[in-house]
$ cat start.tsv   # TSV, C-alpha atoms
chain	number	residue	atom	x	y	z
F	1	SER	CA	21.77	4.71	17.06
F	2	GLN	CA	21.20	4.81	13.34
F	3	ASN	CA	19.69	1.69	11.81
F	4	ALA	CA	21.92	0.32	9.05
F	5	TYR	CA	21.24	-1.44	5.78
F	6	VAL	CA	22.38	-5.06	5.87
F	7	PRO	CA	23.39	-6.26	2.37
F	8	GLY	CA	22.99	-9.79	1.11
F	9	ASN	CA	19.89	-10.76	3.03
F	10	ARG	CA	17.22	-12.61	1.09
F	11	ILE	CA	14.28	-12.88	3.48
F	12	LEU	CA	11.77	-13.19	0.61
F	13	GLU	CA	13.50	-16.41	-0.55
F	14	TYR	CA	12.55	-18.27	2.64
F	15	ASN	CA	10.19	-21.16	1.98
F	16	GLU	CA	7.79	-20.37	4.85
F	17	TYR	CA	4.05	-19.93	4.29
F	18	ALA	CA	3.83	-16.30	5.52
F	19	VAL	CA	6.89	-15.28	3.49
F	20	THR	CA	5.72	-16.93	0.26
F	21	GLU	CA	2.25	-15.36	0.64
F	22	LEU	CA	3.76	-11.90	1.21
F	23	LYS	CA	6.06	-12.39	-1.79
F	24	LYS	CA	3.02	-13.26	-3.97
F	25	ILE	CA	1.28	-10.06	-2.86
F	26	ILE	CA	4.39	-7.98	-3.52
F	27	LEU	CA	4.87	-9.43	-7.01
F	28	GLU	CA	1.17	-8.91	-7.81
F	29	LYS	CA	1.38	-5.25	-6.72
F	30	ILE	CA	4.56	-4.68	-8.76
F	31	ILE	CA	2.87	-6.19	-11.84
F	32	ASN	CA	-0.20	-3.98	-11.27
F	33	LEU	CA	2.04	-0.93	-11.01
F	34	LEU	CA	3.89	-1.81	-14.21
F	35	ASN	CA	0.60	-2.43	-16.05
F	36	ILE	CA	-0.68	1.02	-15.08
F	37	TYR	CA	2.33	2.82	-16.50
F	38	PHE	CA	3.62	0.48	-19.19
F	39	LYS	CA	0.75	-1.23	-20.98
F	40	ASN	CA	1.31	-4.16	-23.36
F	41	ASN	CA	4.63	-5.19	-21.92
F	42	GLU	CA	5.77	-8.38	-20.22
F	43	TRP	CA	8.29	-8.14	-17.39
F	44	LYS	CA	10.79	-10.37	-15.67
F	45	ILE	CA	10.81	-9.35	-12.00
F	46	LEU	CA	13.89	-9.91	-9.87
F	47	ILE	CA	13.97	-9.34	-6.12
F	48	THR	CA	17.64	-8.48	-5.73
F	49	ASN	CA	17.63	-8.39	-1.94
F	50	SER	CA	15.23	-8.27	0.98
F	51	TRP	CA	15.86	-7.74	4.67
F	52	ILE	CA	14.20	-7.13	8.02
F	53	GLN	CA	14.79	-3.87	9.86
F	54	LYS	CA	14.06	-3.19	13.52
F	55	TYR	CA	13.74	0.28	14.96
F	56	LYS	CA	14.36	0.74	18.68
F	57	ASP	CA	13.81	4.04	20.50
F	58	GLY	CA	15.83	6.73	18.74
F	59	SER	CA	16.54	4.68	15.59
F	60	PHE	CA	16.43	6.52	12.28
F	61	LEU	CA	17.80	6.43	8.73
F	62	SER	CA	19.51	9.40	7.10
F	63	PRO	CA	18.43	10.54	3.60
F	64	HIS	CA	19.40	7.95	0.99
F	65	ASN	CA	18.17	6.10	-2.07
F	66	HIS	CA	18.59	2.52	-3.26
F	67	MET	CA	19.97	3.21	-6.74
F	68	VAL	CA	23.36	1.97	-7.89
F	69	VAL	CA	23.85	4.36	-10.82
F	70	GLU	CA	26.70	2.52	-12.53
F	71	GLN	CA	24.59	-0.66	-12.73
F	72	GLN	CA	21.49	1.04	-14.13
F	73	GLU	CA	20.09	-0.17	-17.47
F	74	PRO	CA	17.99	2.47	-19.28
F	75	ASN	CA	14.99	0.21	-20.08
F	76	TYR	CA	14.83	-1.48	-16.70
F	77	LYS	CA	12.60	-0.22	-13.88
F	78	TYR	CA	13.96	-0.17	-10.35
F	79	PHE	CA	11.72	-0.23	-7.28
F	80	SER	CA	12.19	-0.38	-3.53
F	81	LEU	CA	9.57	-1.30	-0.99
F	82	ALA	CA	8.73	-1.35	2.68
F	83	TYR	CA	6.20	-3.67	4.32
F	84	TYR	CA	5.39	-2.78	7.91
F	85	ILE	CA	4.95	-5.81	10.18
F	86	ASP	CA	4.66	-4.02	13.55
F	87	ASP	CA	4.49	-0.26	14.09
F	88	GLY	CA	6.11	-0.50	17.55
F	89	ASN	CA	3.37	1.54	19.29
F	90	PRO	CA	4.69	5.00	18.30
F	91	ASP	CA	4.44	7.93	20.70
F	92	GLU	CA	2.37	10.59	18.91
F	93	ASN	CA	3.90	13.32	21.12
F	94	HIS	CA	6.93	13.29	18.77
F	95	THR	CA	6.30	15.12	15.47
F	96	PHE	CA	6.75	12.83	12.45
F	97	ASN	CA	7.71	10.01	14.84
F	98	GLY	CA	9.12	7.17	12.73
F	99	CYS	CA	7.57	8.53	9.53
F	100	ILE	CA	9.21	7.67	6.25
F	101	THR	CA	9.77	10.93	4.40
F	102	PHE	CA	10.22	11.17	0.65
F	103	GLN	CA	11.89	14.17	-0.99
F	104	VAL	CA	10.34	14.89	-4.39
F	105	ASN	CA	10.94	18.13	-6.31
F	106	GLN	CA	12.08	19.88	-3.12
F	107	LYS	CA	8.86	18.88	-1.34
F	108	LEU	CA	8.59	16.50	1.61
F	109	PHE	CA	5.96	13.78	1.84
F	110	HIS	CA	5.60	12.11	5.26
F	111	ILE	CA	3.98	8.69	5.61
F	112	ARG	CA	3.18	7.27	9.03
F	113	PRO	CA	3.68	3.48	8.97
F	114	LYS	CA	0.93	1.14	10.14
F	115	PRO	CA	1.00	-2.68	10.30
F	116	GLY	CA	0.18	-4.17	6.90
F	117	LEU	CA	1.15	-1.04	4.93
F	118	LEU	CA	3.06	-1.83	1.74
F	119	LEU	CA	4.92	1.09	0.14
F	120	ILE	CA	6.50	0.78	-3.31
F	121	TRP	CA	8.56	3.57	-4.85
F	122	GLU	CA	11.13	4.12	-7.58
F	123	SER	CA	14.55	3.29	-6.16
F	124	HIS	CA	16.10	6.63	-7.12
F	125	LEU	CA	13.81	8.59	-4.76
F	126	ILE	CA	15.56	10.11	-1.76
F	127	HIS	CA	13.92	9.12	1.51
F	128	ASN	CA	14.69	8.94	5.21
F	129	VAL	CA	13.13	7.56	8.37
F	130	ASN	CA	12.58	10.08	11.13
F	131	PRO	CA	13.65	9.11	14.66
F	132	PHE	CA	11.31	6.51	16.11
F	133	PHE	CA	10.07	6.60	19.71
F	134	SER	CA	7.76	3.97	21.22
F	135	LYS	CA	5.20	4.52	23.99
F	136	ASN	CA	6.21	1.27	25.70
F	137	ASN	CA	9.75	0.55	24.46
F	138	SER	CA	8.44	-1.73	21.66
F	139	GLU	CA	10.38	-2.19	18.42
F	140	ARG	CA	9.06	-1.30	14.98
F	141	MET	CA	9.64	-4.16	12.55
F	142	MET	CA	9.52	-3.99	8.77
F	143	LEU	CA	10.63	-5.80	5.66
F	144	SER	CA	12.49	-3.93	2.91
F	145	ALA	CA	13.39	-5.06	-0.60
F	146	ASN	CA	14.84	-3.90	-3.88
F	147	ILE	CA	13.40	-5.05	-7.19
F	148	ILE	CA	14.51	-4.85	-10.82
F	149	CYS	CA	11.90	-5.15	-13.57
F	150	ILE	CA	13.29	-6.16	-16.97
F	151	PRO	CA	11.10	-5.81	-20.07
F	152	GLU	CA	10.77	-9.19	-21.80
F	153	ASN	CA	10.91	-7.60	-25.25
F	154	ASN	CA	14.23	-5.93	-24.43
$ encode --input "start.tsv" --output "structure tokens"
Amino acid sequence: SQNAYVPGNRILEYNEYAVTELKKIILEKIINLLNIYFKNNEWKILITNSWIQKYKDGSFLSPHNHMVVEQQEPNYKYFSLAYYIDDGNPDENHTFNGCITFQVNQKLFHIRPKPGLLLIWESHLIHNVNPFFSKNNSERMMLSANIICIPENN
């Protein structure tokens, strides 16, 4: 029961109040991130796709990244994100239950999702979602997106 990526969705383009407010927050956080690492640069930010994922008991995602190497431009910055809407009442008796795990320099970093958590990472990073188990058969719900940042002086 692996959860699958669904291409072509554009949830963040919906003209609903909650969606537009979340999109504003996401764009603000991306701009803040870019300003920390790349001072004195203006960016055009494109949300290439965004989708909702649900995790039922036993759902997981195998290690993957969100980079399409043949489409990569050297001066562009590529980010992926996860915004957790509902944590699905995880059962703490399962080690790393539903954690998103990043693999960086042969080290693992586990993050336990909570409602309202926004994670942003470089799209090339390998990550997976450990099997999710709920205490009461609830579903975990999250929004995912991929973003390209293009320098304006490029």
$ atom_distance --input "start.tsv" --atom1 "CA of Tyr83 (chain F)" --atom2 "CA of Glu139 (chain F)"
14.8 Å
$ atom_distance --input "start.tsv" --atom1 "CA of Gln106 (chain F)" --atom2 "CA of Tyr78 (chain F)"
21.4 Å
$ closest_residue --input "start.tsv" --among "F:Leu61, F:Val129, F:Val68, F:Leu81" --to "Asn97 (chain F)" --atoms "all atoms listed in the file"
F:Val129
$ closest_residue --input "start.tsv" --among "F:Ile11, F:Leu119, F:Leu143, F:Ile45" --to "Ile31 (chain F)" --atoms "all atoms listed in the file"
F:Ile45
$ closest_residue --input "start.tsv" --among "F:Trp121, F:Phe133, F:Trp43, F:Tyr55" --to "Phe102 (chain F)" --atoms "all atoms listed in the file"
F:Trp121
$ atom_distance --input "start.tsv" --atom1 "CA of Pro115 (chain F)" --atom2 "CA of His64 (chain F)"
23.2 Å
$ residues_around --input "start.tsv" --residues "region 146-150 of chain F" --least-positions-apart "5" --cutoff "8 Å" --atoms "all atoms listed in the file" --output "ChimeraX atom specification"
/F:43-50,66,75-81,123
$ residues_around --input "start.tsv" --residues "Lys114 (chain F)" --least-positions-apart "4" --cutoff "10 Å" --atoms "all atoms listed in the file" --output "PyMOL selection string"
chain F and resi 83-90+99+118+140
$ closest_residue --input "start.tsv" --among "F:His110, F:Tyr17, F:Glu42, F:Ile126" --to "Phe96 (chain F)" --atoms "only C-alpha atoms"
F:His110
$ residues_near_point --input "start.tsv" --point "(9.1, -16.8, 2.9)" --cutoff "12 Å" --atoms "all atoms listed in the file" --output "PyMOL selection string"
chain F and resi 10-26+50-51+143
$ decode --input "start.tsv" --residues "region 31-56 of chain F" --atoms "N, CA, C and O atoms" --output "PDB file, in the first residue's frame"
ATOM      1  N   ILE F  31      11.234  32.931  -0.195  1.00  0.00           N
ATOM      2  CA  ILE F  31      11.984  34.177  -0.370  1.00  0.00           C
ATOM      3  C   ILE F  31      12.946  34.375   0.800  1.00  0.00           C
ATOM      4  O   ILE F  31      14.113  34.737   0.593  1.00  0.00           O
ATOM      5  N   ASN F  32      12.485  34.118   2.021  1.00  0.00           N
ATOM      6  CA  ASN F  32      13.374  34.235   3.187  1.00  0.00           C
ATOM      7  C   ASN F  32      14.564  33.296   3.064  1.00  0.00           C
ATOM      8  O   ASN F  32      15.700  33.671   3.350  1.00  0.00           O
ATOM      9  N   LEU F  33      14.311  32.080   2.642  1.00  0.00           N
ATOM     10  CA  LEU F  33      15.376  31.091   2.464  1.00  0.00           C
ATOM     11  C   LEU F  33      16.376  31.563   1.414  1.00  0.00           C
ATOM     12  O   LEU F  33      17.596  31.503   1.624  1.00  0.00           O
ATOM     13  N   LEU F  34      15.889  32.034   0.295  1.00  0.00           N
ATOM     14  CA  LEU F  34      16.771  32.531  -0.758  1.00  0.00           C
ATOM     15  C   LEU F  34      17.590  33.725  -0.286  1.00  0.00           C
ATOM     16  O   LEU F  34      18.784  33.837  -0.605  1.00  0.00           O
ATOM     17  N   ASN F  35      16.978  34.623   0.481  1.00  0.00           N
ATOM     18  CA  ASN F  35      17.689  35.803   0.982  1.00  0.00           C
ATOM     19  C   ASN F  35      18.792  35.438   1.962  1.00  0.00           C
ATOM     20  O   ASN F  35      19.805  36.131   2.044  1.00  0.00           O
ATOM     21  N   ILE F  36      18.615  34.375   2.709  1.00  0.00           N
ATOM     22  CA  ILE F  36      19.655  33.935   3.646  1.00  0.00           C
ATOM     23  C   ILE F  36      20.896  33.478   2.889  1.00  0.00           C
ATOM     24  O   ILE F  36      22.021  33.817   3.256  1.00  0.00           O
ATOM     25  N   TYR F  37      20.700  32.718   1.829  1.00  0.00           N
ATOM     26  CA  TYR F  37      21.820  32.107   1.129  1.00  0.00           C
ATOM     27  C   TYR F  37      22.306  32.880  -0.092  1.00  0.00           C
ATOM     28  O   TYR F  37      23.446  32.725  -0.507  1.00  0.00           O
ATOM     29  N   PHE F  38      21.457  33.693  -0.676  1.00  0.00           N
ATOM     30  CA  PHE F  38      21.813  34.384  -1.910  1.00  0.00           C
ATOM     31  C   PHE F  38      21.402  35.842  -1.797  1.00  0.00           C
ATOM     32  O   PHE F  38      20.409  36.261  -2.362  1.00  0.00           O
ATOM     33  N   LYS F  39      22.179  36.621  -1.087  1.00  0.00           N
ATOM     34  CA  LYS F  39      21.855  38.025  -0.860  1.00  0.00           C
ATOM     35  C   LYS F  39      21.943  38.822  -2.167  1.00  0.00           C
ATOM     36  O   LYS F  39      22.640  38.453  -3.094  1.00  0.00           O
ATOM     37  N   ASN F  40      21.221  39.931  -2.219  1.00  0.00           N
ATOM     38  CA  ASN F  40      21.241  40.853  -3.350  1.00  0.00           C
ATOM     39  C   ASN F  40      20.859  40.192  -4.667  1.00  0.00           C
ATOM     40  O   ASN F  40      21.485  40.409  -5.690  1.00  0.00           O
ATOM     41  N   ASN F  41      19.830  39.397  -4.631  1.00  0.00           N
ATOM     42  CA  ASN F  41      19.372  38.757  -5.850  1.00  0.00           C
ATOM     43  C   ASN F  41      17.845  38.732  -5.848  1.00  0.00           C
ATOM     44  O   ASN F  41      17.228  38.479  -4.824  1.00  0.00           O
ATOM     45  N   GLU F  42      17.262  39.018  -6.990  1.00  0.00           N
ATOM     46  CA  GLU F  42      15.816  38.934  -7.150  1.00  0.00           C
ATOM     47  C   GLU F  42      15.491  37.613  -7.833  1.00  0.00           C
ATOM     48  O   GLU F  42      16.243  37.150  -8.696  1.00  0.00           O
ATOM     49  N   TRP F  43      14.355  37.022  -7.460  1.00  0.00           N
ATOM     50  CA  TRP F  43      14.005  35.701  -7.961  1.00  0.00           C
ATOM     51  C   TRP F  43      12.589  35.678  -8.517  1.00  0.00           C
ATOM     52  O   TRP F  43      11.686  36.320  -7.980  1.00  0.00           O
ATOM     53  N   LYS F  44      12.413  34.923  -9.565  1.00  0.00           N
ATOM     54  CA  LYS F  44      11.090  34.571 -10.058  1.00  0.00           C
ATOM     55  C   LYS F  44      10.818  33.171  -9.497  1.00  0.00           C
ATOM     56  O   LYS F  44      11.618  32.253  -9.689  1.00  0.00           O
ATOM     57  N   ILE F  45       9.701  33.013  -8.805  1.00  0.00           N
ATOM     58  CA  ILE F  45       9.403  31.743  -8.142  1.00  0.00           C
ATOM     59  C   ILE F  45       8.226  31.083  -8.848  1.00  0.00           C
ATOM     60  O   ILE F  45       7.151  31.673  -8.974  1.00  0.00           O
ATOM     61  N   LEU F  46       8.460  29.849  -9.295  1.00  0.00           N
ATOM     62  CA  LEU F  46       7.430  29.086  -9.990  1.00  0.00           C
ATOM     63  C   LEU F  46       7.081  27.845  -9.186  1.00  0.00           C
ATOM     64  O   LEU F  46       7.966  27.047  -8.863  1.00  0.00           O
ATOM     65  N   ILE F  47       5.815  27.687  -8.863  1.00  0.00           N
ATOM     66  CA  ILE F  47       5.351  26.444  -8.252  1.00  0.00           C
ATOM     67  C   ILE F  47       4.969  25.545  -9.417  1.00  0.00           C
ATOM     68  O   ILE F  47       3.979  25.797 -10.106  1.00  0.00           O
ATOM     69  N   THR F  48       5.790  24.520  -9.664  1.00  0.00           N
ATOM     70  CA  THR F  48       5.579  23.697 -10.859  1.00  0.00           C
ATOM     71  C   THR F  48       4.449  22.701 -10.684  1.00  0.00           C
ATOM     72  O   THR F  48       3.779  22.358 -11.650  1.00  0.00           O
ATOM     73  N   ASN F  49       4.260  22.214  -9.474  1.00  0.00           N
ATOM     74  CA  ASN F  49       3.115  21.347  -9.185  1.00  0.00           C
ATOM     75  C   ASN F  49       2.907  21.289  -7.683  1.00  0.00           C
ATOM     76  O   ASN F  49       3.802  21.592  -6.897  1.00  0.00           O
ATOM     77  N   SER F  50       1.698  20.943  -7.294  1.00  0.00           N
ATOM     78  CA  SER F  50       1.352  20.823  -5.873  1.00  0.00           C
ATOM     79  C   SER F  50       0.207  19.825  -5.778  1.00  0.00           C
ATOM     80  O   SER F  50      -0.669  19.799  -6.641  1.00  0.00           O
ATOM     81  N   TRP F  51       0.242  19.004  -4.737  1.00  0.00           N
ATOM     82  CA  TRP F  51      -0.735  17.926  -4.632  1.00  0.00           C
ATOM     83  C   TRP F  51      -0.962  17.567  -3.168  1.00  0.00           C
ATOM     84  O   TRP F  51      -0.146  17.846  -2.310  1.00  0.00           O
ATOM     85  N   ILE F  52      -2.097  16.949  -2.922  1.00  0.00           N
ATOM     86  CA  ILE F  52      -2.450  16.457  -1.596  1.00  0.00           C
ATOM     87  C   ILE F  52      -2.102  14.974  -1.536  1.00  0.00           C
ATOM     88  O   ILE F  52      -2.337  14.237  -2.490  1.00  0.00           O
ATOM     89  N   GLN F  53      -1.546  14.558  -0.417  1.00  0.00           N
ATOM     90  CA  GLN F  53      -1.280  13.140  -0.185  1.00  0.00           C
ATOM     91  C   GLN F  53      -1.997  12.719   1.089  1.00  0.00           C
ATOM     92  O   GLN F  53      -2.024  13.468   2.067  1.00  0.00           O
ATOM     93  N   LYS F  54      -2.565  11.519   1.064  1.00  0.00           N
ATOM     94  CA  LYS F  54      -3.184  10.923   2.241  1.00  0.00           C
ATOM     95  C   LYS F  54      -2.430   9.642   2.563  1.00  0.00           C
ATOM     96  O   LYS F  54      -2.077   8.887   1.668  1.00  0.00           O
ATOM     97  N   TYR F  55      -2.199   9.449   3.840  1.00  0.00           N
ATOM     98  CA  TYR F  55      -1.548   8.227   4.302  1.00  0.00           C
ATOM     99  C   TYR F  55      -2.519   7.464   5.188  1.00  0.00           C
ATOM    100  O   TYR F  55      -2.907   7.949   6.237  1.00  0.00           O
ATOM    101  N   LYS F  56      -2.904   6.276   4.735  1.00  0.00           N
ATOM    102  CA  LYS F  56      -3.711   5.359   5.541  1.00  0.00           C
ATOM    103  C   LYS F  56      -2.759   4.437   6.287  1.00  0.00           C
ATOM    104  O   LYS F  56      -1.556   4.448   6.043  1.00  0.00           O
TER     105      LYS F  56
END
